[in-house]
>>> print(open('start_12.cif').read())   # mmCIF, C-alpha atoms
data_entry
loop_
_atom_site.group_PDB
_atom_site.id
_atom_site.type_symbol
_atom_site.label_atom_id
_atom_site.label_comp_id
_atom_site.auth_asym_id
_atom_site.auth_seq_id
_atom_site.Cartn_x
_atom_site.Cartn_y
_atom_site.Cartn_z
ATOM 1 C CA MET A 3 -17.675 9.372 9.968
ATOM 2 C CA LYS A 4 -18.257 11.231 13.231
ATOM 3 C CA ALA A 5 -18.363 7.948 15.149
ATOM 4 C CA VAL A 6 -14.958 6.963 13.791
ATOM 5 C CA LEU A 7 -13.490 10.357 14.670
ATOM 6 C CA VAL A 8 -14.802 9.827 18.213
ATOM 7 C CA ARG A 9 -13.106 6.409 18.342
ATOM 8 C CA LEU A 10 -9.908 7.941 17.024
ATOM 9 C CA ALA A 11 -10.070 10.733 19.592
ATOM 10 C CA ALA A 12 -9.577 8.254 22.413
ATOM 11 C CA LYS A 13 -6.139 7.069 21.234
ATOM 12 C CA TRP A 14 -5.348 9.289 18.254
ATOM 13 C CA LYS A 15 -6.640 12.727 19.251
ATOM 14 C CA LEU A 16 -4.247 14.633 16.989
ATOM 15 C CA VAL A 17 -5.196 12.432 14.023
ATOM 16 C CA ALA A 18 -8.909 13.072 14.633
ATOM 17 C CA LEU A 19 -8.350 16.832 14.782
ATOM 18 C CA PHE A 20 -6.200 16.659 11.651
ATOM 19 C CA LEU A 21 -8.865 14.768 9.683
ATOM 20 C CA ALA A 22 -11.628 17.120 10.785
ATOM 21 C CA GLN A 23 -9.824 19.996 9.050
ATOM 22 C CA PHE A 24 -9.839 18.320 5.640
ATOM 23 C CA GLY A 25 -13.351 16.885 5.366
ATOM 24 C CA VAL A 26 -13.625 14.434 2.459
ATOM 25 C CA TRP A 27 -9.942 14.940 1.630
ATOM 26 C CA GLY A 28 -8.924 13.810 5.110
ATOM 27 C CA VAL A 29 -8.533 10.183 4.103
ATOM 28 C CA GLY A 30 -6.006 11.152 1.431
ATOM 29 C CA ALA A 31 -4.145 13.435 3.825
ATOM 30 C CA ALA A 32 -4.041 10.693 6.468
ATOM 31 C CA ALA A 33 -2.662 8.192 3.936
ATOM 32 C CA LEU A 34 0.020 10.688 2.906
ATOM 33 C CA VAL A 35 1.129 11.165 6.535
ATOM 34 C CA ASP A 36 0.974 7.417 7.197
ATOM 35 C CA SER A 37 3.183 6.606 4.203
ATOM 36 C CA SER A 38 5.680 9.404 4.638
ATOM 37 C CA THR A 39 6.253 9.754 8.369
ATOM 38 C CA ILE A 40 3.831 8.913 11.211
ATOM 39 C CA PRO A 41 1.929 5.581 11.168
ATOM 40 C CA VAL A 42 -1.817 6.105 11.639
ATOM 41 C CA PRO A 43 -4.736 3.589 11.767
ATOM 42 C CA MET A 44 -5.564 3.837 8.054
ATOM 43 C CA ASP A 45 -7.948 0.857 7.994
ATOM 44 C CA LEU A 46 -10.076 2.394 10.747
ATOM 45 C CA ILE A 47 -10.022 5.813 9.100
ATOM 46 C CA LEU A 48 -10.999 4.443 5.694
ATOM 47 C CA ALA A 49 -13.754 2.298 7.236
ATOM 48 C CA GLY A 50 -15.252 5.404 8.845
ATOM 49 C CA TYR A 51 -15.384 7.312 5.573
ATOM 50 C CA VAL A 52 -16.807 4.337 3.674
ATOM 51 C CA TRP A 53 -19.483 3.575 6.292
ATOM 52 C CA ALA A 54 -20.540 7.228 6.480
ATOM 53 C CA ASP A 55 -20.816 7.609 2.704
ATOM 54 C CA LYS A 56 -21.281 4.128 1.214
ATOM 55 C CA SER A 57 -22.017 5.214 -2.353
ATOM 56 C CA HIS A 58 -18.623 6.903 -2.660
ATOM 57 C CA PHE A 59 -16.485 4.102 -1.200
ATOM 58 C CA TRP A 60 -14.469 3.980 -4.431
ATOM 59 C CA LEU A 61 -13.606 7.681 -4.079
ATOM 60 C CA TYR A 62 -12.163 7.182 -0.592
ATOM 61 C CA CYS A 63 -10.116 4.207 -1.815
ATOM 62 C CA LEU A 64 -8.873 6.375 -4.699
ATOM 63 C CA LEU A 65 -7.914 9.303 -2.444
ATOM 64 C CA ALA A 66 -6.225 7.054 0.131
ATOM 65 C CA SER A 67 -4.273 5.206 -2.568
ATOM 66 C CA ALA A 68 -3.125 8.458 -4.178
ATOM 67 C CA GLY A 69 -2.114 9.877 -0.787
ATOM 68 C CA SER A 70 -0.142 6.734 -0.014
ATOM 69 C CA ALA A 71 1.688 6.843 -3.354
ATOM 70 C CA ILE A 72 2.619 10.506 -2.872
ATOM 71 C CA GLY A 73 3.642 10.041 0.763
ATOM 72 C CA GLY A 74 5.807 7.067 -0.158
ATOM 73 C CA LEU A 75 8.062 9.390 -2.152
ATOM 74 C CA LEU A 76 9.748 10.508 1.089
ATOM 75 C CA PRO A 77 11.153 7.117 2.213
ATOM 76 C CA TYR A 78 11.735 6.280 -1.467
ATOM 77 C CA GLY A 79 13.759 9.491 -1.892
ATOM 78 C CA LEU A 80 15.793 8.758 1.244
ATOM 79 C CA GLY A 81 16.667 5.343 -0.129
ATOM 80 C CA ARG A 82 17.616 6.739 -3.488
ATOM 81 C CA ALA A 83 19.750 9.487 -1.952
ATOM 82 C CA GLY A 84 22.226 6.968 -0.581
ATOM 83 C CA GLY A 85 20.481 4.321 1.456
ATOM 84 C CA GLU A 86 22.563 1.355 0.305
ATOM 85 C CA LEU A 87 24.944 1.459 3.272
ATOM 86 C CA PHE A 88 22.028 2.017 5.662
ATOM 87 C CA LEU A 89 20.245 -1.039 4.247
ATOM 88 C CA LEU A 90 23.372 -3.206 4.406
ATOM 89 C CA LYS A 91 23.713 -2.420 8.119
ATOM 90 C CA ARG A 92 20.277 -3.943 8.722
ATOM 91 C CA VAL A 93 20.271 -6.956 6.392
ATOM 92 C CA ASN A 94 23.062 -9.359 5.526
ATOM 93 C CA ARG A 95 24.617 -9.373 2.070
ATOM 94 C CA LYS A 96 22.765 -12.549 1.013
ATOM 95 C CA ARG A 97 19.350 -11.069 1.795
ATOM 96 C CA TYR A 98 20.370 -7.755 0.223
ATOM 97 C CA GLU A 99 21.218 -9.504 -3.054
ATOM 98 C CA ARG A 100 17.952 -11.447 -2.898
ATOM 99 C CA ILE A 101 15.963 -8.196 -2.587
ATOM 100 C CA ARG A 102 17.977 -6.653 -5.415
ATOM 101 C CA ALA A 103 17.286 -9.656 -7.669
ATOM 102 C CA ARG A 104 13.562 -9.374 -6.924
ATOM 103 C CA PHE A 105 13.521 -5.732 -8.040
ATOM 104 C CA GLU A 106 15.616 -6.466 -11.114
ATOM 105 C CA ARG A 107 13.299 -9.317 -12.204
ATOM 106 C CA GLN A 108 10.014 -7.511 -11.719
ATOM 107 C CA GLU A 109 10.173 -4.221 -9.861
ATOM 108 C CA PHE A 110 6.464 -3.446 -10.309
ATOM 109 C CA LEU A 111 5.286 -6.603 -8.529
ATOM 110 C CA ALA A 112 8.084 -6.298 -5.957
ATOM 111 C CA MET A 113 6.477 -3.012 -4.875
ATOM 112 C CA MET A 114 2.815 -3.697 -5.614
ATOM 113 C CA ILE A 115 2.485 -6.889 -3.552
ATOM 114 C CA PRO A 116 3.773 -5.385 -0.257
ATOM 115 C CA SER A 117 1.456 -2.416 -0.897
ATOM 116 C CA MET A 118 -1.493 -4.815 -1.041
ATOM 117 C CA LEU A 119 -0.726 -6.491 2.277
ATOM 118 C CA PRO A 120 -1.946 -5.250 5.693
ATOM 119 C CA PRO A 121 0.281 -4.524 8.715
ATOM 120 C CA PRO A 122 2.644 -5.794 10.036
ATOM 121 C CA THR A 123 4.085 -5.961 6.486
ATOM 122 C CA PRO A 124 7.305 -3.847 6.590
ATOM 123 C CA TRP A 125 6.011 -1.575 3.842
ATOM 124 C CA LYS A 126 8.298 1.404 4.454
ATOM 125 C CA ALA A 127 11.322 -0.911 4.294
ATOM 126 C CA CYS A 128 10.154 -2.094 0.857
ATOM 127 C CA VAL A 129 9.696 1.518 -0.260
ATOM 128 C CA PHE A 130 13.161 2.410 1.017
ATOM 129 C CA ALA A 131 14.585 -0.580 -0.887
ATOM 130 C CA ALA A 132 12.812 0.584 -4.063
ATOM 131 C CA GLY A 133 14.735 3.843 -3.758
ATOM 132 C CA VAL A 134 18.033 2.076 -3.031
ATOM 133 C CA PHE A 135 17.649 -0.076 -6.154
ATOM 134 C CA GLU A 136 16.643 2.978 -8.205
ATOM 135 C CA MET A 137 13.174 1.918 -9.261
ATOM 136 C CA ARG A 138 11.801 4.535 -11.641
ATOM 137 C CA ILE A 139 9.447 7.035 -9.985
ATOM 138 C CA VAL A 140 6.389 6.595 -12.238
ATOM 139 C CA PRO A 141 6.299 2.753 -12.011
ATOM 140 C CA PHE A 142 6.954 3.081 -8.260
ATOM 141 C CA MET A 143 3.945 5.351 -7.739
ATOM 142 C CA LEU A 144 1.742 3.210 -9.990
ATOM 143 C CA ALA A 145 2.746 0.048 -8.115
ATOM 144 C CA VAL A 146 1.979 1.609 -4.718
ATOM 145 C CA PHE A 147 -1.289 3.089 -5.990
ATOM 146 C CA THR A 148 -2.421 -0.220 -7.539
ATOM 147 C CA GLY A 149 -1.499 -2.288 -4.487
ATOM 148 C CA ARG A 150 -3.171 0.094 -2.054
ATOM 149 C CA MET A 151 -6.267 0.336 -4.262
ATOM 150 C CA VAL A 152 -6.692 -3.446 -4.249
ATOM 151 C CA ARG A 153 -6.155 -3.653 -0.484
ATOM 152 C CA TRP A 154 -8.591 -0.893 0.380
ATOM 153 C CA LEU A 155 -11.236 -1.985 -2.109
ATOM 154 C CA VAL A 156 -11.235 -5.411 -0.429
ATOM 155 C CA LEU A 157 -11.513 -3.745 2.995
ATOM 156 C CA SER A 158 -14.283 -1.398 1.775
ATOM 157 C CA LEU A 159 -16.341 -4.285 0.403
ATOM 158 C CA LEU A 160 -16.000 -6.041 3.769
ATOM 159 C CA VAL A 161 -17.102 -2.863 5.551
ATOM 160 C CA LEU A 162 -20.116 -2.481 3.233
ATOM 161 C CA LYS A 163 -21.067 -6.097 3.927
ATOM 162 C CA LEU A 164 -20.246 -6.378 7.643
ATOM 163 C CA GLY A 165 -20.124 -2.793 8.918
ATOM 164 C CA PRO A 166 -17.232 -0.933 10.593
ATOM 165 C CA GLY A 167 -16.595 -4.048 12.695
ATOM 166 C CA ALA A 168 -14.911 -5.483 9.604
ATOM 167 C CA VAL A 169 -11.754 -3.622 10.653
ATOM 168 C CA GLY A 170 -11.585 -5.643 13.866
ATOM 169 C CA LEU A 171 -12.341 -8.803 11.898
ATOM 170 C CA VAL A 172 -9.436 -8.092 9.554
ATOM 171 C CA GLU A 173 -7.124 -7.450 12.516
ATOM 172 C CA HIS A 174 -8.045 -10.788 14.095
ATOM 173 C CA HIS A 175 -8.094 -12.728 10.819
ATOM 174 C CA ARG A 176 -5.178 -11.052 9.075
ATOM 175 C CA LEU A 177 -4.183 -14.307 7.382
ATOM 176 C CA VAL A 178 -7.560 -14.446 5.619
ATOM 177 C CA LEU A 179 -7.036 -10.998 4.119
ATOM 178 C CA VAL A 180 -3.477 -11.901 3.180
ATOM 179 C CA ALA A 181 -4.831 -15.027 1.434
ATOM 180 C CA ILE A 182 -7.437 -12.964 -0.470
ATOM 181 C CA VAL A 183 -4.946 -10.305 -1.484
ATOM 182 C CA GLY A 184 -2.327 -12.936 -2.296
ATOM 183 C CA GLY A 185 -4.822 -14.724 -4.539
ATOM 184 C CA LEU A 186 -5.549 -11.485 -6.379
ATOM 185 C CA ALA A 187 -1.800 -10.922 -6.778
ATOM 186 C CA VAL A 188 -1.338 -14.404 -8.273
ATOM 187 C CA VAL A 189 -4.213 -13.809 -10.723
ATOM 188 C CA GLY A 190 -2.733 -10.424 -11.667
ATOM 189 C CA PHE A 191 0.720 -11.915 -12.177
ATOM 190 C CA ALA A 192 -0.676 -14.748 -14.323
ATOM 191 C CA TRP A 193 -2.535 -12.226 -16.489
ATOM 192 C CA TRP A 194 0.624 -10.083 -16.858
ATOM 193 C CA TRP A 195 2.770 -13.119 -17.717
ATOM 194 C CA MET A 196 0.337 -14.396 -20.372
ATOM 195 C CA ARG A 197 0.117 -10.937 -21.907
ATOM 196 C CA LYS A 198 3.924 -10.624 -21.998
ATOM 197 C CA LYS A 199 4.267 -14.074 -23.540
ATOM 198 C CA ARG A 200 1.653 -13.300 -26.182
ATOM 199 C CA ALA A 201 3.378 -10.012 -27.026
ATOM 200 C CA GLY A 202 6.680 -11.897 -27.432
ATOM 201 C CA LYS A 203 5.099 -14.346 -29.859
ATOM 202 C CA LEU A 204 3.638 -11.506 -31.933
ATOM 203 C CA LYS A 205 7.074 -9.860 -32.195
ATOM 204 C CA GLY A 206 8.641 -13.159 -33.167
#
>>> encode(input="start_12.cif", output="structure tokens")
Amino acid sequence: MKAVLVRLAAKWKLVALFLAQFGVWGVGAAALVDSSTIPVPMDLILAGYVWADKSHFWLYCLLASAGSAIGGLLPYGLGRAGGELFLLKRVNRKRYERIRARFERQEFLAMMIPSMLPPPTPWKACVFAAGVFEMRIVPFMLAVFTGRMVRWLVLSLLVLKLGPGAVGLVEHHRLVLVAIVGGLAVVGFAWWWMRKKRAGKLKG
């Protein structure tokens, strides 16, 4: 963990000092800041915690995912407070209606899938849109938490296998991670669809 804080100190001195104050909770605090306001190198931060304390990798993924879900409430709240006009100024009406339809069809997946994907996915824009289209708060937080948990568990397993250098590998082979995460999303959607279909048959 100390080695990662040293790496962070070179370009992200304030972030390193911030994390040092929180100890084990620093990864959750960093995720909260990253999701709500200031972007920070979350993959590098998480990799440092996981590599320093391998047996508790799941705990760091849990804390980071929870911090991200809580932090996301700020852009979500801004969208819900009247972001429709703001959004329409940045996307044309056709795209706006397409995003709306996606949330109306399956809001959970519309928020979970972007939460699973690494940068440069426009995650905050998706969160803002979730607020604009009035996604319910509890499903919103669960979708963000689930998506982030999947993403960071995949990253943690790569770090455990390859070392902290896995972060650089992910950055240079982003499409591979997107393919892995996308595959998991497809499997999850297929499971959800089959369960929904089965429940419909039982009601009928």
>>> residues_around(input="start_12.cif", residues="A:Gly133", least_positions_apart="3", cutoff="6 Å", atoms="only C-alpha atoms", output="PyMOL selection string")
chain A and resi 78+81-82+130+136
>>> resolve_selection(input="start_12.cif", expression="the PyMOL selection byres ((chain A and resi 102) around 12)", output="PyMOL selection string")
chain A and resi 86+89-90+95-101+103-109+112+128+131-137
>>> closest_residue(input="start_12.cif", among="A:Met143, A:Met44, A:Arg92, A:Ala54", to="A:Pro120", atoms="all atoms listed in the file")
A:Met44
>>> resolve_selection(input="start_12.cif", expression="the PyMOL selection byres ((chain A and resi 68) around 10)", output="PyMOL selection string")
chain A and resi 30-31+33-34+62-67+69-74+143-144+146-148+150-151
>>> resolve_selection(input="start_12.cif", expression="the PyMOL selection byres ((chain A and resi 59) around 12)", output="PyMOL selection string")
chain A and resi 26+29+48-58+60-66+151+154-162
>>> axis_aligned_box(input="start_12.cif", around="stretch 48-61 of chain A", padding_each_side="3 Å", output="lines of an AutoDock Vina configuration file")
center_x = -16.5
center_y = 5.0
center_z = 2.2
size_x = 17.0
size_y = 11.4
size_z = 19.3
>>> closest_residue(input="start_12.cif", among="A:Thr39, A:Ile47, A:Ala32, A:Ser117", to="A:Phe20", atoms="all atoms listed in the file")
A:Ala32
>>> atom_distance(input="start_12.cif", atom1="atom CA of A:Pro41", atom2="atom CA of A:Thr123")
12.6 Å
>>> closest_residue(input="start_12.cif", among="A:Lys126, A:Met114, A:Pro141, A:Gly79", to="A:Ile40", atoms="only C-alpha atoms")
A:Lys126
>>> atom_distance(input="start_12.cif", atom1="atom CA of A:Gly165", atom2="atom CA of A:Val152")
18.8 Å
>>> atom_distance(input="start_12.cif", atom1="atom CA of A:Lys163", atom2="atom CA of A:Gly25")
24.3 Å
>>> decode(input="start_12.cif", residues="stretch 28-40 of chain A", atoms="N, CA and C atoms", output="PDB file, in the first residue's frame")
ATOM      1  N   GLY A  28      -9.735   4.275   3.351  1.00  0.00           N
ATOM      2  CA  GLY A  28      -9.339   5.223   2.318  1.00  0.00           C
ATOM      3  C   GLY A  28      -9.858   4.879   0.940  1.00  0.00           C
ATOM      4  N   VAL A  29      -9.930   3.591   0.625  1.00  0.00           N
ATOM      5  CA  VAL A  29     -10.389   3.197  -0.701  1.00  0.00           C
ATOM      6  C   VAL A  29     -11.859   3.568  -0.896  1.00  0.00           C
ATOM      7  N   GLY A  30     -12.655   3.429   0.173  1.00  0.00           N
ATOM      8  CA  GLY A  30     -14.054   3.835   0.089  1.00  0.00           C
ATOM      9  C   GLY A  30     -14.203   5.342  -0.019  1.00  0.00           C
ATOM     10  N   ALA A  31     -13.381   6.071   0.740  1.00  0.00           N
ATOM     11  CA  ALA A  31     -13.422   7.528   0.691  1.00  0.00           C
ATOM     12  C   ALA A  31     -13.000   8.033  -0.680  1.00  0.00           C
ATOM     13  N   ALA A  32     -11.966   7.402  -1.262  1.00  0.00           N
ATOM     14  CA  ALA A  32     -11.502   7.805  -2.588  1.00  0.00           C
ATOM     15  C   ALA A  32     -12.582   7.559  -3.637  1.00  0.00           C
ATOM     16  N   ALA A  33     -13.274   6.428  -3.535  1.00  0.00           N
ATOM     17  CA  ALA A  33     -14.343   6.108  -4.489  1.00  0.00           C
ATOM     18  C   ALA A  33     -15.490   7.103  -4.366  1.00  0.00           C
ATOM     19  N   LEU A  34     -15.783   7.531  -3.136  1.00  0.00           N
ATOM     20  CA  LEU A  34     -16.847   8.508  -2.922  1.00  0.00           C
ATOM     21  C   LEU A  34     -16.499   9.838  -3.595  1.00  0.00           C
ATOM     22  N   VAL A  35     -15.252  10.293  -3.408  1.00  0.00           N
ATOM     23  CA  VAL A  35     -14.802  11.544  -4.030  1.00  0.00           C
ATOM     24  C   VAL A  35     -14.796  11.412  -5.555  1.00  0.00           C
ATOM     25  N   ASP A  36     -14.311  10.278  -6.041  1.00  0.00           N
ATOM     26  CA  ASP A  36     -14.228  10.041  -7.484  1.00  0.00           C
ATOM     27  C   ASP A  36     -15.610  10.092  -8.131  1.00  0.00           C
ATOM     28  N   SER A  37     -16.600   9.503  -7.482  1.00  0.00           N
ATOM     29  CA  SER A  37     -17.946   9.440  -8.048  1.00  0.00           C
ATOM     30  C   SER A  37     -18.709  10.751  -7.921  1.00  0.00           C
ATOM     31  N   SER A  38     -18.417  11.487  -6.869  1.00  0.00           N
ATOM     32  CA  SER A  38     -19.214  12.692  -6.606  1.00  0.00           C
ATOM     33  C   SER A  38     -18.642  13.943  -7.254  1.00  0.00           C
ATOM     34  N   THR A  39     -17.325  14.099  -7.212  1.00  0.00           N
ATOM     35  CA  THR A  39     -16.745  15.365  -7.668  1.00  0.00           C
ATOM     36  C   THR A  39     -15.455  15.190  -8.478  1.00  0.00           C
ATOM     37  N   ILE A  40     -14.340  14.925  -7.795  1.00  0.00           N
ATOM     38  CA  ILE A  40     -13.017  14.955  -8.436  1.00  0.00           C
ATOM     39  C   ILE A  40     -12.598  13.564  -8.902  1.00  0.00           C
TER      40      ILE A  40
END
